[in-house]
Protein chains: 8
Amino acid sequence: MELDILKELLLNVKNGNVDVESALVSLKNLPYEELGFAKIDNHRALRTGYPEVIYCEGKKTDHIVEIFMRLTQTNKSVLATRATYEVFEAVKKIIPQAKYNQEARTIVYENDLPKQKIGKISVVSAGTADIPIAEEACVTADIMGNNVSKFYDVGVAGIHRLFSKLGELEKSNVIIVVAGMEGALASVVGGLVSVPVIAVPTSVGYGANFGGLSALLTMLNSCASGIGVVNIDNGFGAGCLASKINKLGRCD
Amino acid sequence: MELDILKELLLNVKNGNVDVESALVSLKNLPYEELGFAKIDNHRALRTGYPEVIYCEGKKTDHIVEIFMRLTQTNKSVLATRATYEVFEAVKKIIPQAKYNQEARTIVYENDLPKQKIGKISVVSAGTADIPIAEEACVTADIMGNNVSKFYDVGVAGIHRLFSKLGELEKSNVIIVVAGMEGALASVVGGLVSVPVIAVPTSVGYGANFGGLSALLTMLNSCASGIGVVNIDNGFGAGCLASKINKLGRCD
Amino acid sequence: MELDILKELLLNVKNGNVDVESALVSLKNLPYEELGFAKIDNHRALRTGYPEVIYCEGKKTDHIVEIFMRLTQTNKSVLATRATYEVFEAVKKIIPQAKYNQEARTIVYENDLPKQKIGKISVVSAGTADIPIAEEACVTADIMGNNVSKFYDVGVAGIHRLFSKLGELEKSNVIIVVAGMEGALASVVGGLVSVPVIAVPTSVGYGANFGGLSALLTMLNSCASGIGVVNIDNGFGAGCLASKINKLGRCD
Amino acid sequence: MELDILKELLLNVKNGNVDVESALVSLKNLPYEELGFAKIDNHRALRTGYPEVIYCEGKKTDHIVEIFMRLTQTNKSVLATRATYEVFEAVKKIIPQAKYNQEARTIVYENDLPKQKIGKISVVSAGTADIPIAEEACVTADIMGNNVSKFYDVGVAGIHRLFSKLGELEKSNVIIVVAGMEGALASVVGGLVSVPVIAVPTSVGYGANFGGLSALLTMLNSCASGIGVVNIDNGFGAGCLASKINKLGRCD
Amino acid sequence: MELDILKELLLNVKNGNVDVESALVSLKNLPYEELGFAKIDNHRALRTGYPEVIYCEGKKTDHIVEIFMRLTQTNKSVLATRATYEVFEAVKKIIPQAKYNQEARTIVYENDLPKQKIGKISVVSAGTADIPIAEEACVTADIMGNNVSKFYDVGVAGIHRLFSKLGELEKSNVIIVVAGMEGALASVVGGLVSVPVIAVPTSVGYGANFGGLSALLTMLNSCASGIGVVNIDNGFGAGCLASKINKLGRCD
Amino acid sequence: MELDILKELLLNVKNGNVDVESALVSLKNLPYEELGFAKIDNHRALRTGYPEVIYCEGKKTDHIVEIFMRLTQTNKSVLATRATYEVFEAVKKIIPQAKYNQEARTIVYENDLPKQKIGKISVVSAGTADIPIAEEACVTADIMGNNVSKFYDVGVAGIHRLFSKLGELEKSNVIIVVAGMEGALASVVGGLVSVPVIAVPTSVGYGANFGGLSALLTMLNSCASGIGVVNIDNGFGAGCLASKINKLGRCD
Amino acid sequence: MELDILKELLLNVKNGNVDVESALVSLKNLPYEELGFAKIDNHRALRTGYPEVIYCEGKKTDHIVEIFMRLTQTNKSVLATRATYEVFEAVKKIIPQAKYNQEARTIVYENDLPKQKIGKISVVSAGTADIPIAEEACVTADIMGNNVSKFYDVGVAGIHRLFSKLGELEKSNVIIVVAGMEGALASVVGGLVSVPVIAVPTSVGYGANFGGLSALLTMLNSCASGIGVVNIDNGFGAGCLASKINKLGRCD
Amino acid sequence: MELDILKELLLNVKNGNVDVESALVSLKNLPYEELGFAKIDNHRALRTGYPEVIYCEGKKTDHIVEIFMRLTQTNKSVLATRATYEVFEAVKKIIPQAKYNQEARTIVYENDLPKQKIGKISVVSAGTADIPIAEEACVTADIMGNNVSKFYDVGVAGIHRLFSKLGELEKSNVIIVVAGMEGALASVVGGLVSVPVIAVPTSVGYGANFGGLSALLTMLNSCASGIGVVNIDNGFGAGCLASKINKLGRCD
């Protein structure tokens with residue numbers, strides 16, 4: 001589309017419809033305004049299946065509804081994270097197809113039949129309190145078109161639960177590990193599998209947990225190599241990154 | 001191999017050479033000792049091309065030489081990180097094929113002809129002071145069998161240098177971004193490309209940089225999604241993770 | 001006024017109405033009490049057009065109303081920041097001209113026709129959640145007599161939106177950049193323009209954002225020179241500093 | 001210059017020397033590579049008199065010499081900060097005009113007669129130990145073409161020394177306040193003058209000073225409005241920002 | 001039990017009911033899934049008298065009730081910590097034997113007559129505000145079968161209260177010291193007794209207490225040797241550790 | 001009293017009413033229980049006029065009422081700090097003489113006519129938001145029998161207000177300085193007076209104030225000597241320490 | 001002994017050799033000076049076999065030698081920690097029986113034949129760099145009369161090495177886990193064994209390890225119960241605490 | 001002196017030698033420049049016997065010598081803190097009366113016979129490693145004319161040593177408590193005495209001591225009232241504050 005605009009301008013210069021000086025002015029301003037990055041942006045959206053996302057925390061309900069509605073008009077799928085049930089009810093009045101996931105606190109809108117999911121992302125979580133963040137990662141990865149497998153409640157306090165799943169985990173393209181408290185699960189998983197691991201520290205815990213700092217530092221300092229860390233409680237970010245990795249496929 | 005041991009035991013039970021009680025004792029202890037995890041471990045080494053690695057900081061020279069020598073006897077490639085030139089000279093006396101990279105402070109040993117590199121990992125760094133960490137990532141990715149492209153000195157203070165490289169960057173399977181000071185480059189790259197990004201904060205800077213904390217927090221809080229962060233100055237870890245991602249290939 | 005007091009005293013000494021010892025006592029105490037710094041203070045108020053300001057957070061509504069009323073009696077303009085709508089309603093009952101800005105959470109009172117605005121201050125913000133702080137800066141700069149231009153929602157995750165505005169930004173005397181999360185926008189703007197930049201970190205974000213610490217450190221460590229940082233969420237302070245800079249004019 | 005390239009391309013399209021498709025390819029890639037940001041960059045350099053700068057800490061002497069030499073070939077002035085005397089001696093062998101400032105630890109090269117200095121920047125420092133940072137700010141402001149006045153050793157422990165200088169300070173376009181330990185001087189100056197203040201916390205102090213954190217927090221939380229803070233020990237950054245503000249002139 | 005499964009398999013191999021290849025598959029997967037660690041786990045539960053525990057904070061009431069009910073079906077005793085009275089009322093409707101401890105905020109279920117308590121654990125607390133955490137430790141140690149003695153309100157501001165109890169304290173197998181604010185009590189007790197000390201910092205305090213950090217650091221840096229520290233406010237963890245130590249008995 | 005017990009025991013030994021072995025047992029246990037430290041404690045209470053104090057934050061109303069009532073039975077004066085008006089109303093029902101100070105949030109009970117106040121403590125505060133803490137210090141110092149003078153709202157943003165009070169301040173035996181935000185007032189006062197200064201950082205402020213950390217560090221790092229710092233918001237502690245110092249009198 | 005002094009005094013009172021008033025004076029002062037706590041102290045030393053210890057870091061060699069010599073005159077065993085080889089050589093000249101442990105950096109002096117070791121303490125360490133701290137714990141536990149078993153280099157990056165040792169570990173009375181970097185080993189061990197665990201975080205690591213903070217927080221937040229934590233790098237403290245626990249024996 | 005200048009000016013006005021307008025100009029500028037605060041400063045110096053002080057850390061030897069020499073010309077006593085022996089030797093060459101205290105690392109010059117010391121300051125320290133800071137406090141207090149008593153090595157690990165000294169401590173006007181590691185000694189002393197306590201945290205310790213932060217927080221959060229805290233390792237500041245308090249005398 002944008003290339004068409006450029007082509008037309010050049011044809012007009014060639015044909016004498018537009019003089020060189022005027023074309024010069026257009027070209028000098030164009031790339032930064034309507035053309036350049038937007039194109040890259042669009043390409044990216046098409047290729048990654050990345051939906052538009054609304055982070056609801058701190059936003060007013062009517063603002064969220066308005067943004068959600070506007071996004072559904074130009075996007076095939078919309079994802080709202082950190083959404084309360086009240087927000088969902090308000091959205092649902094306007095967008096009846098919107099679906100709520102209570103654990104993940106997400107609202108999902110897809111105007112098409114769900115497309116074929118590809119590859120395999122495994123989401124591993126340590127304790128039951130980590131499940132909301134794990135679910136946010138799952139919903140995010142799912143709406144972006146990835147197959148997702150869940151392995152919950154396999155924390156290091158009962159590590160034998162993890163070992164029985166190793167074979168399955170190893171078959172993933174990428175594993176998301178969600179853990180609060182001391183966050184040791186990421187190191188243990190990272191030391192046992194050969195696939196890339198995305199670690200999500202959660203704010204689950206108390207005292208010297210300092211709002212997730214403990215798990216965050218654990219994951220950053222992991223003695224197991226091949227672990228990338230996202231922000232505390234950032235299930236959405238982990239889902240995005242996992243999606244990008246999973247879509248590279250597995251060629252061996 | 002390990003399966004052979006198990007099979008033999010079962011055949012002996014079948015044939016009556018070993019009685020059930022003795023087999024029971026063997027089986028109860030076996031998996032945790034010689035069989036189970038070691039197998040997984042070997043599989044992993046074979047599949048990922050992951051070499052044995054020595055982290056030299058804080059180790060004595062003669063210890064490093066000894067470990068290095070021992071590893072060369074059982075491994076096709078050995079990597080030593082954070083190695084001074086003095087350490088290299090000592091290693092070289094024993095292992096003449098060892099090669100030193102002064103920027104990356106690495107010693108590399110490969111007993112074979114270098115194998116065919118695959119895929120594409122891009123390593124982007126912000127300032128000249130970040131280059132040692134960027135080089136550590138490059139050397140690590142290279143010895144693990146990946147094609148590596150370097151884009152150095154493209155920090156946000158002169159962001160136009162980055163923009164001219166976007167096309168090339170987008171062709172990578174994964175991009176490593178190395179930046180100290182405020183570490184903003186990871187966000188800028190992450191906002192412009194569609195491939196997975198691994199962010200490496202460095203301790204480059206002073207004052208409120210607090211030994212790399214500033215860049216680390218920047219990268220964890222990035223408003224661009226799809227960024228996984230490793231420890232401060234951990235070029236090696238970034239190289240490992242990038243290698244695992246790159247080997248998934250690109251199937252689109 | 002204060003000079004008159006001094007002059008009268010000296011004339012009385014000259015005329016013999018006041019003896020030298022009594023004058024000595026008066027002079028020894030005078031400067032620190034009624035004369036010296038108050039004068040400087042008044043001069044400053046006149047020259048800078050700096051209004052009286054009430055920081056409402058943590059103050060009781062009736063206290064705010066009382067202070068507001070008292071200030072309107074001796075000042076041409078009064079600004080209240082961090083004011084809830086409830087506070088505004090209480091103020092409005094007493095001061096009907098008071099105006100509320102819901103985004104900025106400010107109450108403004110001006111007893112004159114607004115005076116001619118001068119120069120140009122640009123206020124750039126990264127995300128929609130940063131707008132309240134950006135608006136606080138705008139209202140502050142406006143009531144102090146400056147022309148203000150707004151460039152909202154141009155964060156680094158979609159940096160092309162920023163680039164199309166560079167020409168306009170460069171025409172400002174000073175630019176205020178408001179950003180939360182990782183705060184990278186200040187570095188990007190600072191690297192692209194030649195005018196002074198005031199960076200305002202916001203507490204927008206979660207997890208390793210640590211209440212704005214992340215954006216604060218990013219801005220302090222910026223590799224782009226010429227950036228002055230104010231406290232987290234301090235839109236008011238940024239507006240004040242920008243006003244002082246803008247009033248220096250542009251002489252090139 | 002860059003506009004010439006564009007113009008030539010358009011003329012060639014007009015004349016039929018270049019067909020539309022080829023021009024399209026050129027235009028699509030051009031702006032990000034040779035044209036766009038470099039132009040902005042050059043404009044900025046010309047307008048601000050901003051020299052090229054080398055931050056020496058952590059760089060090897062021969063690297064610094066090489067960079068310094070290269071910069072003198074294309075720049076009228078070069079500034080090296082955090083330079084030891086040993087570095088200076090090495091530079092001087094190649095660039096005999098280079099001058100060293102022992103207090104500021106800077107090397108300055110100017111290939112022209114010094115140009116006319118303009119406006120007025122005041123640099124105020126608290127204790128004698130803060131002088132190196134204050135001097136770095138002075139040297140930076142000076143080489144960028146600003147008049148600089150120094151007011152050293154006027155810390156709050158003997159605040160009367162500051163008061164006798166208030167009249168002079170008030171005549172500046174901008175004041176840089178350099179202070180370590182508790183950094184209270186910035187608040188005191190900011191409360192007494194009407195001009196913009198740039199605060200530079202220093203790492204001078206011990207114990208709960210935590211490497212300058214104490215002074216940094218003091219300055220960020222100042223109850224005096226109109227203070228912009230730079231990184232700990234960042235005399236250079238303060239000089240840059242002050243230069244940009246001072247060059248706006250004073251129009252009242 | 002699990003050994004029976006293994007034995008049966010081996011007998012079937014011996015008898016020819018199961019062929020070697022099938023047995024091989026069973027054995028390869030078995031240890032990690034149903035056999036290995038669960039056995040260890042069960043052994044541990046039996047030996048330590050360790051009950052199942054529910055951490056209630058952040059969990060919904062109906063979830064807690066459901067988990068509690070399920071646990072009572074397979075466990076002799078269940079402990080819920082950080083439980084509000086509302087949670088207790090909901091649990092009590094289903095499990096009438098459940099008992100609430102208002103100070104400790106615990107719910108305890110024991111389906112047997114309480115077993116014989118052994119040894120001696122002393123719980124010492126500094127101020128009245130530390131009592132909830134001290135009580136959590138007491139309840140935990142009690143349900144695990146230990147004799148518990150309480151010494152409350154013996155903080156260092158009135159240290160004579162502690163001295164009169166030293167003889168009794170010395171007779172314990174292990175002492176738990178619970179203290180907030182500056183947490184000095186752990187050092188004082190640790191310097192006076194010869195038995196192991198478990199220190200529990202609490203979040204009691206304000207200001208530079210930083211949510212318990214002050215007491216935590218005090219206890220970690222204690223100049224008295226033989227002190228093990230648990231997380232801030234972790235009365236439960238202290239009770240567990242004390243129980244394990246107390247059960248070693250006293251053999252001198 | 002306690003000495004009487006001892007004397008009686010010795011007389012009984014002398015008279016043969018108590019045998020030596022029994023006396024031995026009594027003596028071995030006595031000093032730590034009823035005699036030793038309690039005596040010191042009582043002496044201290046008599047000499048310092050130190051009342052019993054209840055810290056109300058986090059305590060339940062009925063507990064506070066009970067403690068308050070018990071203390072009035074054995075003490076001439078009782079002080080409750082951090083008390084809400086609701087707590088006061090409950091206390092007043094039982095102890096009608098109790099008096100509430102709304103600013104200081106204190107409840108005071110004195111069963112005697114107020115005794116003669118001695119010496120002079122000055123309490124200086126920076127902003128209006130610091131007044132509650134300043135008042136807590138005043139009430140504490142007052143009930144302990146000290147003359148108290150208040151100098152409020154003399155922060156460094158309008159430092160001339162402070163200078164007019166210097167003569168009066170210098171006449172104090174000790175000065176309490178209460179300041180939030182950047183806390184610079186303590187340094188300024190400490191540099192101008194010769195009497196001991198107690199600095200109270202408050203949690204007033206936002207952003208990089210980090211709950212009072214900013215003011216705390218400022219005060220600890222003050223370049224003015226002779227400043228002792230208490231915990232953030234600890235008006236009570238400052239009042240106690242000032243009382244102890246003031247009672248030393250002034251002998252020069 | 002001290003009881004003899006008391007008894008003699010009472011007999012003298014009985015016999016009229018000492019009058020009641022004089023005895024009163026003696027008794028009032030005695031307990032705090034020569035009698036009370038010293039006795040407790042001696043008892044403790046005898047019972048625990050706790051040697052005198054010298055922490056060498058920061059002490060001058062000749063001071064250490066002098067203290068060491070003095071202690072050997074009144075103690076059966078002396079332990080010096082954090083001792084360099086130079087310190088050892090100086091000590092050895094005076095105390096030829098002193099023995100150096102190069103890994104642990106300890107000097108040990110025992111003037112008797114080593115006594116019979118009792119019980120079992122296991123020391124588990126994660127990486128080779130943690131060995132010095134692990135060895136310090138071993139030497140400490142050994143000199144205090146405990147049997148010590150070592151399990152080194154069993155970190156979570158190769159967790160199968162740990163599993164083969166679980167049976168042996170479970171037979172200990174107490175396990176010391178020494179780990180740096182992310183310190184996850186303590187959680188893994190704590191989740192697998194039923195005996196008390198003492199966790200020693202080490203400063204091994206870099207970047208976001210922040211001098212051992214990462215491992216410290218991990219261990220404090222462990223989701224496995226029954227873990228007591230000591231200071232970073234405090235192998236000595238762990239050895240002391242383990243010794244106290246081990247000496248309680250095992251009575252099941 | 002300064003009053004003479006004023007008087008002369010007024011007499012000149014009276015006599016007509018100076019006209020009113022000229023006198024006005026003089027008076028307007030005078031107070032801030034030569035008169036006002038300098039006078040206060042001199043008064044203070046005379047009254048407190050406060051010597052001039054040089055903080056040597058980070059200063060070059062020849063600079064220290066020069067400052068020292070200059071100060072001896074106008075002061076009766078000079079104190080240099082944090083001075084190495086090398087610095088002392090250089091000073092001694094010029095000022096032969098200078099005396100060095102090796103423990104305190106101070107250089108003292110007194111040109112008079114030492115004046116009569118007054119009152120009583122007690123300095124209590126916890127461990128031998130805290131002695132340098134304790135000695136700095138002692139030397140400071142001594143040169144300011146106070147009687148000083150030392151109570152070293154009475155830390156809480158052997159608290160009985162402290163108890164035997166309580167009577168003596170209670171006779172002080174003020175007590176300085178110097179302690180590193182966990183700093184609990186300040187709380188213990190503060191809970192046992194009725195006189196003001198100045199607490200000096202030291203950086204003695206390691207690991208989670210974080211350069212003295214641990215002891216600092218302990219002292220700020222002390223549950224014993226009446227404790228003022230100075231900066232980490234600030235023996236000099238404690239000596240100053242104690243001197244000011246001690247000079248108030250004791251009037252009860």
# chains A, B, ... in the order shown; residues from 1 in each chain; ligands from 1

call {"tool": "residues_around", "arguments": {"residues": "Tyr85 of chain C", "least_positions_apart": "6", "cutoff": "12 Å", "atoms": "only C-alpha atoms", "output": "PyMOL selection string"}}
result
chain C and resi 56+61+91-92+99-107

call {"tool": "interface_residues", "arguments": {"of": "chain H", "to": "chain G", "cutoff": "7 Å", "atoms": "only C-alpha atoms", "output": "number ranges by chain"}}
result
H: 160, 163-164, 207-208

call {"tool": "atom_distance", "arguments": {"atom1": "atom CA of His63 of chain H", "atom2": "atom CA of Tyr206 of chain D"}}
result
20.1 Å

call {"tool": "select_by_dssp", "arguments": {"residues": "segment 14-180 of chain D", "states": "strand (DSSP E)", "output": "PyMOL selection string"}}
result
chain D and resi 52-55+77-81+99-101+106-110+118-125+146-151+174-179

call {"tool": "write_last_selection", "arguments": {"atoms": "N, CA and C atoms", "output": "compact mmCIF listing (two decimals), in the first residue's frame"}}
result
# COMPACT_ATOMS: atom_id res chain seq x y z
N GLU D 52 33.34 16.58 20.12
CA GLU D 52 33.41 15.15 20.32
C GLU D 52 34.04 14.87 21.67
N VAL D 53 33.55 13.86 22.37
CA VAL D 53 34.00 13.60 23.73
C VAL D 53 34.45 12.15 23.87
N ILE D 54 35.54 11.93 24.62
CA ILE D 54 36.01 10.58 24.93
C ILE D 54 35.95 10.38 26.45
N TYR D 55 35.21 9.39 26.88
CA TYR D 55 35.17 9.03 28.30
C TYR D 55 36.29 8.01 28.53
N SER D 77 37.15 20.81 17.98
CA SER D 77 37.55 20.66 19.38
C SER D 77 37.25 19.24 19.84
N VAL D 78 38.08 18.74 20.72
CA VAL D 78 37.91 17.40 21.28
C VAL D 78 38.10 17.49 22.79
N LEU D 79 37.26 16.77 23.51
CA LEU D 79 37.34 16.76 24.97
C LEU D 79 37.46 15.32 25.44
N ALA D 80 38.45 15.06 26.30
CA ALA D 80 38.56 13.74 26.93
C ALA D 80 38.36 13.92 28.42
N THR D 81 37.44 13.14 29.02
CA THR D 81 37.18 13.25 30.45
C THR D 81 37.72 12.03 31.19
N LYS D 99 45.75 20.11 25.91
CA LYS D 99 46.01 20.72 27.23
C LYS D 99 45.35 19.90 28.32
N TYR D 100 46.06 19.78 29.45
CA TYR D 100 45.55 18.97 30.56
C TYR D 100 45.09 19.86 31.71
N ASN D 101 43.96 19.51 32.32
CA ASN D 101 43.48 20.18 33.54
C ASN D 101 43.51 19.13 34.65
N THR D 106 40.79 16.40 32.66
CA THR D 106 40.35 16.50 31.27
C THR D 106 41.51 16.83 30.34
N ILE D 107 41.40 16.36 29.11
CA ILE D 107 42.31 16.80 28.05
C ILE D 107 41.47 17.55 27.02
N VAL D 108 41.95 18.74 26.64
CA VAL D 108 41.18 19.57 25.71
C VAL D 108 42.04 19.88 24.49
N TYR D 109 41.42 19.75 23.33
CA TYR D 109 42.09 20.13 22.09
C TYR D 109 41.20 21.11 21.34
N GLU D 110 41.75 22.26 21.00
CA GLU D 110 40.99 23.22 20.17
C GLU D 110 41.89 23.70 19.04
N ILE D 118 29.84 33.12 25.56
CA ILE D 118 28.58 33.87 25.70
C ILE D 118 27.89 33.54 27.02
N GLY D 119 26.93 34.39 27.40
CA GLY D 119 26.05 34.16 28.56
C GLY D 119 26.80 34.00 29.86
N LYS D 120 26.20 33.26 30.80
CA LYS D 120 26.86 33.01 32.08
C LYS D 120 26.33 31.75 32.76
N ILE D 121 27.24 30.83 33.01
CA ILE D 121 26.94 29.63 33.80
C ILE D 121 27.72 29.73 35.10
N SER D 122 27.03 29.59 36.23
CA SER D 122 27.74 29.57 37.52
C SER D 122 27.86 28.14 38.00
N VAL D 123 29.04 27.80 38.51
CA VAL D 123 29.25 26.47 39.06
C VAL D 123 29.57 26.61 40.55
N VAL D 124 28.66 26.07 41.36
CA VAL D 124 28.76 26.18 42.81
C VAL D 124 29.12 24.81 43.36
N SER D 125 30.13 24.73 44.27
CA SER D 125 30.41 23.41 44.85
C SER D 125 30.49 23.50 46.37
N ASN D 146 30.78 28.79 26.57
CA ASN D 146 30.03 29.53 27.57
C ASN D 146 30.96 30.23 28.56
N ASN D 147 30.55 31.40 29.05
CA ASN D 147 31.23 32.02 30.18
C ASN D 147 30.90 31.23 31.44
N VAL D 148 31.93 30.97 32.24
CA VAL D 148 31.73 30.17 33.45
C VAL D 148 32.28 30.91 34.67
N SER D 149 31.49 31.01 35.73
CA SER D 149 31.96 31.56 37.01
C SER D 149 31.95 30.47 38.06
N LYS D 150 32.96 30.47 38.91
CA LYS D 150 33.08 29.40 39.92
C LYS D 150 32.83 29.94 41.33
N PHE D 151 32.08 29.21 42.12
CA PHE D 151 31.83 29.54 43.52
C PHE D 151 32.04 28.28 44.33
N VAL D 174 22.01 29.97 34.26
CA VAL D 174 21.80 28.64 34.85
C VAL D 174 22.91 28.41 35.86
N ILE D 175 22.58 27.67 36.93
CA ILE D 175 23.56 27.40 37.98
C ILE D 175 23.73 25.89 38.11
N ILE D 176 24.99 25.45 38.11
CA ILE D 176 25.29 24.04 38.39
C ILE D 176 25.71 23.94 39.85
N VAL D 177 25.03 23.08 40.63
CA VAL D 177 25.40 22.88 42.03
C VAL D 177 25.98 21.48 42.19
N VAL D 178 27.22 21.41 42.66
CA VAL D 178 27.93 20.14 42.81
C VAL D 178 28.11 19.87 44.30
N ALA D 179 27.57 18.76 44.78
CA ALA D 179 27.68 18.48 46.22
C ALA D 179 27.62 16.99 46.49

call {"tool": "residues_around", "arguments": {"residues": "segment 126-130 of chain D", "least_positions_apart": "6", "cutoff": "7 Å", "atoms": "only C-alpha atoms", "output": "ChimeraX atom specification"}}
result
/D:152-155,178-180,185,202,204

call {"tool": "atom_distance", "arguments": {"atom1": "atom CA of Arg161 of chain D", "atom2": "atom CA of Leu162 of chain F"}}
result
16.7 Å

call {"tool": "residues_around", "arguments": {"residues": "segment 219-221 of chain H", "least_positions_apart": "6", "cutoff": "7 Å", "atoms": "only C-alpha atoms", "output": "list in words"}}
result
Met181, Glu182, Ala208 and Asn209 of chain E; Val230 and Asn231 of chain F; Gly183, Ala186, Ser187, Ala199 and Val229 of chain H

call {"tool": "atom_distance", "arguments": {"atom1": "atom CA of Leu241 of chain G", "atom2": "atom CA of Lys171 of chain G"}}
result
18.0 Å

call {"tool": "closest_residue", "arguments": {"among": "B:Ala98, B:Met144, B:Ile159, B:Ile64", "to": "Val188 of chain C", "atoms": "only C-alpha atoms"}}
result
B:Ile159

call {"tool": "select_by_dssp", "arguments": {"residues": "segment 83-138 of chain A", "states": "helix (DSSP H, G or I)", "output": "PyMOL selection string"}}
result
chain A and resi 85-94+128-138

call {"tool": "residues_around", "arguments": {"residues": "Lys14 of chain B", "least_positions_apart": "6", "cutoff": "12 Å", "atoms": "only C-alpha atoms", "output": "ChimeraX atom specification"}}
result
/B:7-8,20,23 /E:9-21,23

call {"tool": "write_last_selection", "arguments": {"atoms": "C-alpha atoms", "output": "mmCIF file, in the first residue's frame"}}
result
data_model
loop_
_atom_site.group_PDB
_atom_site.id
_atom_site.type_symbol
_atom_site.label_atom_id
_atom_site.label_comp_id
_atom_site.auth_asym_id
_atom_site.auth_seq_id
_atom_site.Cartn_x
_atom_site.Cartn_y
_atom_site.Cartn_z
ATOM 1 C CA LYS B 7 18.130 -55.404 29.377
ATOM 2 C CA GLU B 8 20.885 -57.697 30.514
ATOM 3 C CA VAL B 20 14.216 -61.593 41.984
ATOM 4 C CA ALA B 23 17.325 -57.719 40.912
ATOM 5 C CA LEU E 9 7.065 -57.143 37.613
ATOM 6 C CA LEU E 10 10.269 -59.092 38.131
ATOM 7 C CA LEU E 11 8.346 -62.258 38.993
ATOM 8 C CA ASN E 12 6.335 -61.826 35.817
ATOM 9 C CA VAL E 13 9.554 -61.503 33.852
ATOM 10 C CA LYS E 14 10.913 -64.603 35.524
ATOM 11 C CA ASN E 15 7.704 -66.551 34.816
ATOM 12 C CA GLY E 16 7.585 -65.374 31.254
ATOM 13 C CA ASN E 17 4.292 -63.541 31.765
ATOM 14 C CA VAL E 18 5.971 -60.321 30.759
ATOM 15 C CA ASP E 19 8.605 -60.248 28.047
ATOM 16 C CA VAL E 20 11.891 -58.408 28.539
ATOM 17 C CA GLU E 21 11.167 -55.583 26.120
ATOM 18 C CA ALA E 23 9.537 -54.818 31.227
#

call {"tool": "residues_around", "arguments": {"residues": "Gly226 of chain C", "least_positions_apart": "2", "cutoff": "9 Å", "atoms": "only C-alpha atoms", "output": "list in words"}}
result
Gly190, Ser194, Val195, Pro196, Val197, Ile198, Ala224 and Gly228 of chain C; Val230, Gly237, Ala238, Gly239, Cys240, Leu241, Ala242, Ser243 and Lys244 of chain D
